[in-house]
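**Student:** Quick one, input00.cif (mmCIF, C-alpha atoms):
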```
data_input
loop_
_atom_site.group_PDB
_atom_site.id
_atom_site.type_symbol
_atom_site.label_atom_id
_atom_site.label_comp_id
_atom_site.auth_asym_id
_atom_site.auth_seq_id
_atom_site.Cartn_x
_atom_site.Cartn_y
_atom_site.Cartn_z
ATOM 1 C CA MET A 19 20.383 -10.314 3.549
ATOM 2 C CA PRO A 20 19.885 -14.060 3.377
ATOM 3 C CA GLN A 21 16.501 -15.278 4.673
ATOM 4 C CA GLY A 22 15.554 -11.695 5.538
ATOM 5 C CA LYS A 23 17.920 -11.556 8.509
ATOM 6 C CA PRO A 24 19.904 -8.350 9.082
ATOM 7 C CA GLU A 25 23.674 -8.726 9.017
ATOM 8 C CA ASN A 26 24.079 -6.504 12.075
ATOM 9 C CA VAL A 27 21.766 -6.077 15.072
ATOM 10 C CA PRO A 28 22.469 -2.882 17.030
ATOM 11 C CA ASP A 29 22.781 -2.932 20.790
ATOM 12 C CA ASP A 30 20.030 -0.317 21.209
ATOM 13 C CA GLY A 31 17.874 -2.020 23.834
ATOM 14 C CA LEU A 32 14.952 -2.462 21.424
ATOM 15 C CA THR A 33 13.183 -5.758 20.897
ATOM 16 C CA THR A 34 13.038 -7.229 17.412
ATOM 17 C CA ARG A 35 9.371 -6.205 17.174
ATOM 18 C CA GLN A 36 10.078 -2.648 18.323
ATOM 19 C CA ARG A 37 12.897 -2.288 15.837
ATOM 20 C CA ARG A 38 10.810 -3.786 13.049
ATOM 21 C CA THR A 39 7.860 -1.432 13.520
ATOM 22 C CA ARG A 40 9.666 1.871 14.033
ATOM 23 C CA PRO A 41 8.696 4.623 11.575
ATOM 24 C CA LEU A 42 11.046 5.156 8.646
ATOM 25 C CA LEU A 43 12.305 8.185 6.751
ATOM 26 C CA MET A 44 13.023 7.126 3.170
ATOM 27 C CA VAL A 45 14.612 9.036 0.285
ATOM 28 C CA HIS A 46 14.432 8.162 -3.416
ATOM 29 C CA THR A 47 16.949 10.271 -5.330
ATOM 30 C CA GLY A 48 19.307 10.144 -8.315
ATOM 31 C CA PRO A 49 19.136 10.987 -12.033
ATOM 32 C CA GLY A 50 17.195 7.894 -13.098
ATOM 33 C CA LYS A 51 13.481 7.456 -13.746
ATOM 34 C CA GLY A 52 11.213 5.812 -11.181
ATOM 35 C CA LYS A 53 11.701 7.737 -7.931
ATOM 36 C CA SER A 54 8.077 8.839 -7.598
ATOM 37 C CA THR A 55 6.807 5.588 -9.068
ATOM 38 C CA ALA A 56 8.624 3.612 -6.373
ATOM 39 C CA ALA A 57 7.179 5.878 -3.672
ATOM 40 C CA PHE A 58 3.657 5.372 -5.013
ATOM 41 C CA GLY A 59 4.270 1.630 -5.032
ATOM 42 C CA MET A 60 5.004 1.905 -1.312
ATOM 43 C CA ALA A 61 1.811 3.945 -0.924
ATOM 44 C CA LEU A 62 -0.109 1.025 -2.443
ATOM 45 C CA ARG A 63 1.318 -1.231 0.252
ATOM 46 C CA ALA A 64 0.344 1.327 2.902
ATOM 47 C CA TRP A 65 -3.182 1.489 1.433
ATOM 48 C CA ASN A 66 -3.411 -2.297 1.648
ATOM 49 C CA GLN A 67 -2.534 -2.111 5.371
ATOM 50 C CA GLY A 68 -5.388 0.346 5.906
ATOM 51 C CA TRP A 69 -3.069 3.270 6.663
ATOM 52 C CA PRO A 70 -4.194 6.851 5.946
ATOM 53 C CA ILE A 71 -1.976 8.259 3.187
ATOM 54 C CA GLY A 72 -1.046 11.871 2.486
ATOM 55 C CA VAL A 73 0.550 12.738 -0.863
ATOM 56 C CA PHE A 74 2.139 16.178 -1.233
ATOM 57 C CA GLN A 75 3.392 17.089 -4.718
ATOM 58 C CA PHE A 76 5.850 19.977 -4.838
ATOM 59 C CA VAL A 77 6.890 20.266 -8.478
ATOM 60 C CA LYS A 78 4.394 18.649 -10.785
ATOM 61 C CA SER A 79 1.781 21.131 -11.938
ATOM 62 C CA ALA A 80 -1.639 21.059 -10.305
ATOM 63 C CA LYS A 81 -3.059 20.915 -13.845
ATOM 64 C CA TRP A 82 -1.411 17.583 -14.622
ATOM 65 C CA ARG A 83 -3.564 14.482 -14.249
ATOM 66 C CA VAL A 84 -1.171 11.696 -13.407
ATOM 67 C CA GLY A 85 -2.138 8.039 -13.325
ATOM 68 C CA GLU A 86 -0.955 7.477 -9.765
ATOM 69 C CA GLU A 87 -3.248 10.221 -8.488
ATOM 70 C CA ARG A 88 -6.314 8.720 -10.140
ATOM 71 C CA ALA A 89 -5.485 5.166 -9.063
ATOM 72 C CA LEU A 90 -4.745 6.027 -5.436
ATOM 73 C CA THR A 91 -7.708 8.396 -5.153
ATOM 74 C CA VAL A 92 -10.084 5.713 -6.432
ATOM 75 C CA LEU A 93 -8.562 3.144 -4.082
ATOM 76 C CA GLY A 94 -8.727 5.568 -1.162
ATOM 77 C CA ALA A 95 -12.437 6.141 -1.757
ATOM 78 C CA SER A 96 -13.186 2.419 -2.137
ATOM 79 C CA GLY A 97 -13.471 1.794 1.587
ATOM 80 C CA GLU A 98 -11.350 -1.330 1.284
ATOM 81 C CA GLY A 99 -7.977 0.025 2.414
ATOM 82 C CA GLY A 100 -6.573 3.255 3.777
ATOM 83 C CA THR A 101 -7.809 6.716 2.874
ATOM 84 C CA VAL A 102 -5.820 8.875 0.448
ATOM 85 C CA ALA A 103 -5.509 12.667 0.469
ATOM 86 C CA TRP A 104 -3.716 14.252 -2.492
ATOM 87 C CA HIS A 105 -2.286 17.755 -2.105
ATOM 88 C CA LYS A 106 -0.728 19.862 -4.864
ATOM 89 C CA MET A 107 1.303 22.836 -3.793
ATOM 90 C CA GLY A 108 -0.172 25.752 -5.781
ATOM 91 C CA GLU A 109 0.474 25.463 -9.484
ATOM 92 C CA GLY A 110 3.544 23.368 -8.899
ATOM 93 C CA TRP A 111 6.926 24.204 -10.333
ATOM 94 C CA SER A 112 7.980 22.769 -13.642
ATOM 95 C CA TRP A 113 11.425 22.581 -15.160
ATOM 96 C CA ILE A 114 10.319 25.490 -17.395
ATOM 97 C CA GLN A 115 10.891 28.537 -15.232
ATOM 98 C CA ARG A 116 8.717 31.538 -15.993
ATOM 99 C CA PRO A 117 9.763 35.085 -15.082
ATOM 100 C CA GLY A 118 8.080 36.546 -12.011
ATOM 101 C CA THR A 119 6.670 33.288 -10.698
ATOM 102 C CA GLU A 120 9.479 31.970 -8.507
ATOM 103 C CA THR A 121 8.424 34.008 -5.457
ATOM 104 C CA ASP A 122 4.885 32.598 -5.612
ATOM 105 C CA HIS A 123 6.129 29.045 -6.030
ATOM 106 C CA ALA A 124 8.541 29.444 -3.112
ATOM 107 C CA ALA A 125 5.685 30.705 -0.922
ATOM 108 C CA ASP A 126 3.468 27.793 -2.022
ATOM 109 C CA ALA A 127 6.254 25.327 -1.215
ATOM 110 C CA ARG A 128 6.778 26.865 2.238
ATOM 111 C CA GLU A 129 3.049 26.731 2.990
ATOM 112 C CA GLY A 130 3.017 23.112 1.817
ATOM 113 C CA TRP A 131 5.802 22.298 4.247
ATOM 114 C CA GLU A 132 3.974 24.120 7.076
ATOM 115 C CA GLN A 133 0.891 21.975 6.338
ATOM 116 C CA ILE A 134 2.995 18.821 6.480
ATOM 117 C CA LYS A 135 4.362 19.881 9.867
ATOM 118 C CA ARG A 136 0.812 20.431 11.122
ATOM 119 C CA ASP A 137 -0.210 16.999 9.822
ATOM 120 C CA LEU A 138 2.826 15.337 11.403
ATOM 121 C CA ALA A 139 2.063 16.958 14.756
ATOM 122 C CA ALA A 140 -1.579 15.820 14.521
ATOM 123 C CA GLU A 141 -0.588 12.349 13.202
ATOM 124 C CA THR A 142 -3.035 12.884 10.343
ATOM 125 C CA TYR A 143 -1.497 10.193 8.125
ATOM 126 C CA ARG A 144 0.473 7.014 8.682
ATOM 127 C CA PHE A 145 2.274 7.233 5.318
ATOM 128 C CA TYR A 146 3.465 10.433 3.616
ATOM 129 C CA VAL A 147 4.749 10.861 0.076
ATOM 130 C CA LEU A 148 6.614 14.162 -0.305
ATOM 131 C CA ASP A 149 6.955 14.023 -4.076
ATOM 132 C CA GLU A 150 9.733 16.108 -5.676
ATOM 133 C CA PHE A 151 10.424 17.610 -2.240
ATOM 134 C CA THR A 152 14.194 17.697 -2.825
ATOM 135 C CA TYR A 153 13.790 20.574 -5.302
ATOM 136 C CA PRO A 154 12.453 23.263 -2.928
ATOM 137 C CA LEU A 155 15.171 22.143 -0.508
ATOM 138 C CA LYS A 156 17.840 22.458 -3.205
ATOM 139 C CA TRP A 157 16.570 25.892 -4.264
ATOM 140 C CA GLY A 158 16.574 27.123 -0.663
ATOM 141 C CA TRP A 159 12.818 27.695 -0.533
ATOM 142 C CA ILE A 160 12.469 25.443 2.534
ATOM 143 C CA ASP A 161 14.986 25.287 5.372
ATOM 144 C CA LEU A 162 16.735 21.898 5.453
ATOM 145 C CA ASP A 163 17.485 22.036 9.182
ATOM 146 C CA ASP A 164 13.791 22.657 9.923
ATOM 147 C CA VAL A 165 12.837 19.660 7.779
ATOM 148 C CA ILE A 166 15.348 17.326 9.422
ATOM 149 C CA SER A 167 14.331 18.479 12.900
ATOM 150 C CA ALA A 168 10.588 18.105 12.245
ATOM 151 C CA LEU A 169 10.986 14.670 10.681
ATOM 152 C CA ALA A 170 13.271 13.457 13.469
ATOM 153 C CA GLY A 171 10.761 14.591 16.092
ATOM 154 C CA ARG A 172 7.594 13.343 14.436
ATOM 155 C CA PRO A 173 5.364 11.504 16.895
ATOM 156 C CA GLY A 174 3.762 8.099 16.593
ATOM 157 C CA SER A 175 4.343 5.707 13.720
ATOM 158 C CA GLN A 176 4.446 7.943 10.656
ATOM 159 C CA HIS A 177 6.462 6.793 7.639
ATOM 160 C CA VAL A 178 7.755 9.450 5.230
ATOM 161 C CA VAL A 179 9.186 8.960 1.734
ATOM 162 C CA ILE A 180 10.780 11.900 -0.086
ATOM 163 C CA THR A 181 11.503 11.869 -3.813
ATOM 164 C CA GLY A 182 13.554 13.986 -6.200
ATOM 165 C CA ARG A 183 17.003 14.453 -7.655
ATOM 166 C CA ASP A 184 19.940 15.931 -5.765
ATOM 167 C CA ALA A 185 18.798 15.094 -2.242
ATOM 168 C CA PRO A 186 20.804 17.268 0.166
ATOM 169 C CA ALA A 187 23.544 15.462 2.081
ATOM 170 C CA GLY A 188 21.906 16.258 5.426
ATOM 171 C CA LEU A 189 18.656 14.635 4.349
ATOM 172 C CA VAL A 190 20.478 11.559 3.075
ATOM 173 C CA GLU A 191 22.332 11.308 6.380
ATOM 174 C CA ALA A 192 19.094 11.563 8.393
ATOM 175 C CA ALA A 193 17.221 8.941 6.340
ATOM 176 C CA ASP A 194 16.792 5.299 7.309
ATOM 177 C CA LEU A 195 16.531 4.107 3.705
ATOM 178 C CA VAL A 196 18.109 5.813 0.697
ATOM 179 C CA THR A 197 17.753 4.571 -2.856
ATOM 180 C CA GLU A 198 19.602 6.241 -5.705
ATOM 181 C CA MET A 199 18.034 5.654 -9.096
ATOM 182 C CA GLY A 200 20.699 5.527 -11.789
ATOM 183 C CA LYS A 201 20.171 6.242 -15.461
ATOM 184 C CA VAL A 202 21.652 4.000 -18.119
ATOM 185 C CA ARG A 203 19.474 5.185 -21.013
ATOM 186 C CA HIS A 204 16.309 7.266 -21.426
ATOM 187 C CA PRO A 205 14.137 7.977 -24.505
ATOM 188 C CA MET A 206 14.696 11.716 -23.962
ATOM 189 C CA ASP A 207 18.362 11.121 -24.827
ATOM 190 C CA ALA A 208 17.135 10.385 -28.355
ATOM 191 C CA GLY A 209 14.816 13.425 -28.433
ATOM 192 C CA GLN A 210 11.623 11.601 -27.453
ATOM 193 C CA LYS A 211 9.215 13.392 -25.136
ATOM 194 C CA GLY A 212 7.268 11.708 -22.336
ATOM 195 C CA GLN A 213 4.273 9.608 -23.272
ATOM 196 C CA LYS A 214 0.967 8.497 -21.839
ATOM 197 C CA GLY A 215 1.067 5.373 -19.719
ATOM 198 C CA ILE A 216 4.803 5.730 -19.151
ATOM 199 C CA GLU A 217 5.327 9.201 -17.653
ATOM 200 C CA TRP A 218 1.733 9.923 -16.561
#
```
Do you think you could lay out the structure here as structure tokens?
**Tutor:**
Amino acid sequence: MPQGKPENVPDDGLTTRQRRTRPLLMVHTGPGKGKSTAAFGMALRAWNQGWPIGVFQFVKSAKWRVGEERALTVLGASGEGGTVAWHKMGEGWSWIQRPGTETDHAADAREGWEQIKRDLAAETYRFYVLDEFTYPLKWGWIDLDDVISALAGRPGSQHVVITGRDAPAGLVEAADLVTEMGKVRHPMDAGQKGQKGIEW
């Protein structure tokens, strides 16, 4: 897009300003690293604009203390930009599945989604990060049609970014912006586990 001008302008009756300020649904997916990190980078921009931010984590354990949470929480409390609310859905769901826990995690994920719907209806936040939200969709814990319908009908000017691998085709189709992170090489390929300052 040379000079920031779109190649195609739809004949939708909207002014340039109206089109430029409409709320976006964004999806960061793919096998590569950086999906959540990119979403939190967008949250920093939202914070700088003074927008209230809601972060909903669906997979990462509530016990984990990730750097983005600390940074955004401190910024949100600073009074200089937007506020930040950080929500963890129960104990989260890790890639290590434990017998007898899936039902509880599915219920936590569904309640998390119900809370997001309530917040969307109330226009609680201007920017939402639904981190690792593709997983409960993939596992069938949350109904995809309900998600697409609720996001399509959200009122006001609420931006939503969803992260996670294997984004369902329907979600990709509904999104305004889709980025697929590819993987060329990762330290785990050589047997190296995640490390401080890089993964959290």
**Student:** Go ahead and compute the interatomic distance for atom CA of Gly50 of chain A and atom CA of Tyr146 of chain A, in Å to one decimal.
**Tutor:**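 So the two atoms, atom CA of Gly50 of chain A and atom CA of Tyr146 of chain A, lie 21.8 Å apart.
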**Student:** Nearest to Arg144 of chain A: which of A:Gly200, A:Gly174, A:Pro24, A:Pro205 is it, counting only C-alpha atoms?
**Tutor:**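 Nearest candidate to Arg144 of chain A out of A:Gly200, A:Gly174, A:Pro24, A:Pro205: A:Gly174.
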**Student:** How many Å lie between atom CA of Phe145 of chain A and atom CA of Val178 of chain A, rounded to one decimal?
**Tutor:**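 According to the coordinates, atom CA of Phe145 of chain A and atom CA of Val178 of chain A are separated by 5.9 Å.
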**Student:** Name the residues that the PyMOL selection byres ((chain A and resi 186-193) around 10) picks from the file above, as a PyMOL selection string, using the file's chain letters and numbers.
**Tutor:** chain A and resi 42-47+152-153+155-156+162-163+165-167+169-170+178-180+183-185+194-197
**Student:** Go through A:Val27, A:Ala127, A:Ile160, A:Ala56 one by one, measure the shortest atom-to-atom distance of each to Glu198 of chain A using all atoms listed in the file, and give the residue with the smallest value.
**Tutor:**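 Smallest distance to Glu198 of chain A is found for A:Ala56.
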**Student:** What's around segment 68-71 of chain A at 9 Å? Count all atoms listed in the file, leave out sequence neighbours fewer than 5 positions away in its own chain, and write the answer as a ChimeraX atom specification.
**Tutor:** /A:61,63,94,98-104,142-147
**Student:** Take the residues just selected and output them with C-alpha atoms as a short mmCIF file (atom, residue, chain, number, x, y, z; two decimals), keeping the file's coordinate frame.
**Tutor:**
```cif
data_model
loop_
_atom_site.label_atom_id
_atom_site.label_comp_id
_atom_site.auth_asym_id
_atom_site.auth_seq_id
_atom_site.Cartn_x
_atom_site.Cartn_y
_atom_site.Cartn_z
CA ALA A 61 1.81 3.94 -0.92
CA ARG A 63 1.32 -1.23 0.25
CA GLY A 94 -8.73 5.57 -1.16
CA GLU A 98 -11.35 -1.33 1.28
CA GLY A 99 -7.98 0.02 2.41
CA GLY A 100 -6.57 3.26 3.78
CA THR A 101 -7.81 6.72 2.87
CA VAL A 102 -5.82 8.88 0.45
CA ALA A 103 -5.51 12.67 0.47
CA TRP A 104 -3.72 14.25 -2.49
CA THR A 142 -3.04 12.88 10.34
CA TYR A 143 -1.50 10.19 8.12
CA ARG A 144 0.47 7.01 8.68
CA PHE A 145 2.27 7.23 5.32
CA TYR A 146 3.46 10.43 3.62
CA VAL A 147 4.75 10.86 0.08
#
```
**Student:** Which residue is closest to Arg38 of chain A? Choose from A:Asn66, A:Lys23, A:Ala208, A:Gln75 and count all atoms listed in the file.
**Tutor:**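 Among the listed residues, A:Lys23 lies closest to Arg38 of chain A.
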**Student:** Have a look at A:Gln176, A:Ser54, A:Ser96, A:Asn26 and name the one nearest to Glu217 of chain A; count all atoms listed in the file.
**Tutor:**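 Nearest to Glu217 of chain A: A:Ser54.
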**Student:** Kindly indicate which residue among A:His105, A:Arg128, A:His177, A:Lys51 lies nearest to Arg203 of chain A, using all atoms listed in the file for the distances.
**Tutor:**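 Ranked by minimum distance to Arg203 of chain A, first place goes to A:Lys51.
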**Student:** Quick check on the file I pasted: which residues fall under the PyMOL selection byres ((chain A and resi 129) around 12)? Write them as a compact mmCIF listing (two decimals) with C-alpha atoms, in the frame of the given file.
**Tutor:**
```txt
# COMPACT_ATOMS: atom_id res chain seq x y z
CA PHE A 74 2.14 16.18 -1.23
CA PHE A 76 5.85 19.98 -4.84
CA HIS A 105 -2.29 17.76 -2.10
CA LYS A 106 -0.73 19.86 -4.86
CA MET A 107 1.30 22.84 -3.79
CA GLY A 108 -0.17 25.75 -5.78
CA ASP A 122 4.88 32.60 -5.61
CA HIS A 123 6.13 29.04 -6.03
CA ALA A 124 8.54 29.44 -3.11
CA ALA A 125 5.68 30.70 -0.92
CA ASP A 126 3.47 27.79 -2.02
CA ALA A 127 6.25 25.33 -1.22
CA ARG A 128 6.78 26.86 2.24
CA GLY A 130 3.02 23.11 1.82
CA TRP A 131 5.80 22.30 4.25
CA GLU A 132 3.97 24.12 7.08
CA GLN A 133 0.89 21.98 6.34
CA ILE A 134 3.00 18.82 6.48
CA LYS A 135 4.36 19.88 9.87
CA ARG A 136 0.81 20.43 11.12
CA PRO A 154 12.45 23.26 -2.93
CA TRP A 159 12.82 27.70 -0.53
CA ILE A 160 12.47 25.44 2.53
```
**Student:** Nearest to Leu62 of chain A: which of A:Leu93, A:Gly48, A:Trp218, A:Arg37 is it, counting all atoms listed in the file?
**Tutor:** A:Leu93
**Student:** Measure the distance from atom CA of Pro49 of chain A to atom CA of His204 of chain A in Å and round it to one decimal.
**Tutor:**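 Separation between atom CA of Pro49 of chain A and atom CA of His204 of chain A: 10.5 Å.
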**Student:** I'd like the box whose edges run along x, y and z of the file and which contains every listed atom of segment 143-149 of chain A, padded by 5 Å per side; could you state its centre and edge lengths in Å, one decimal, as JSON?
**Tutor:**
```
{"center_x": 2.7, "center_y": 10.6, "center_z": 2.3, "size_x": 18.5, "size_y": 17.1, "size_z": 22.8}
```
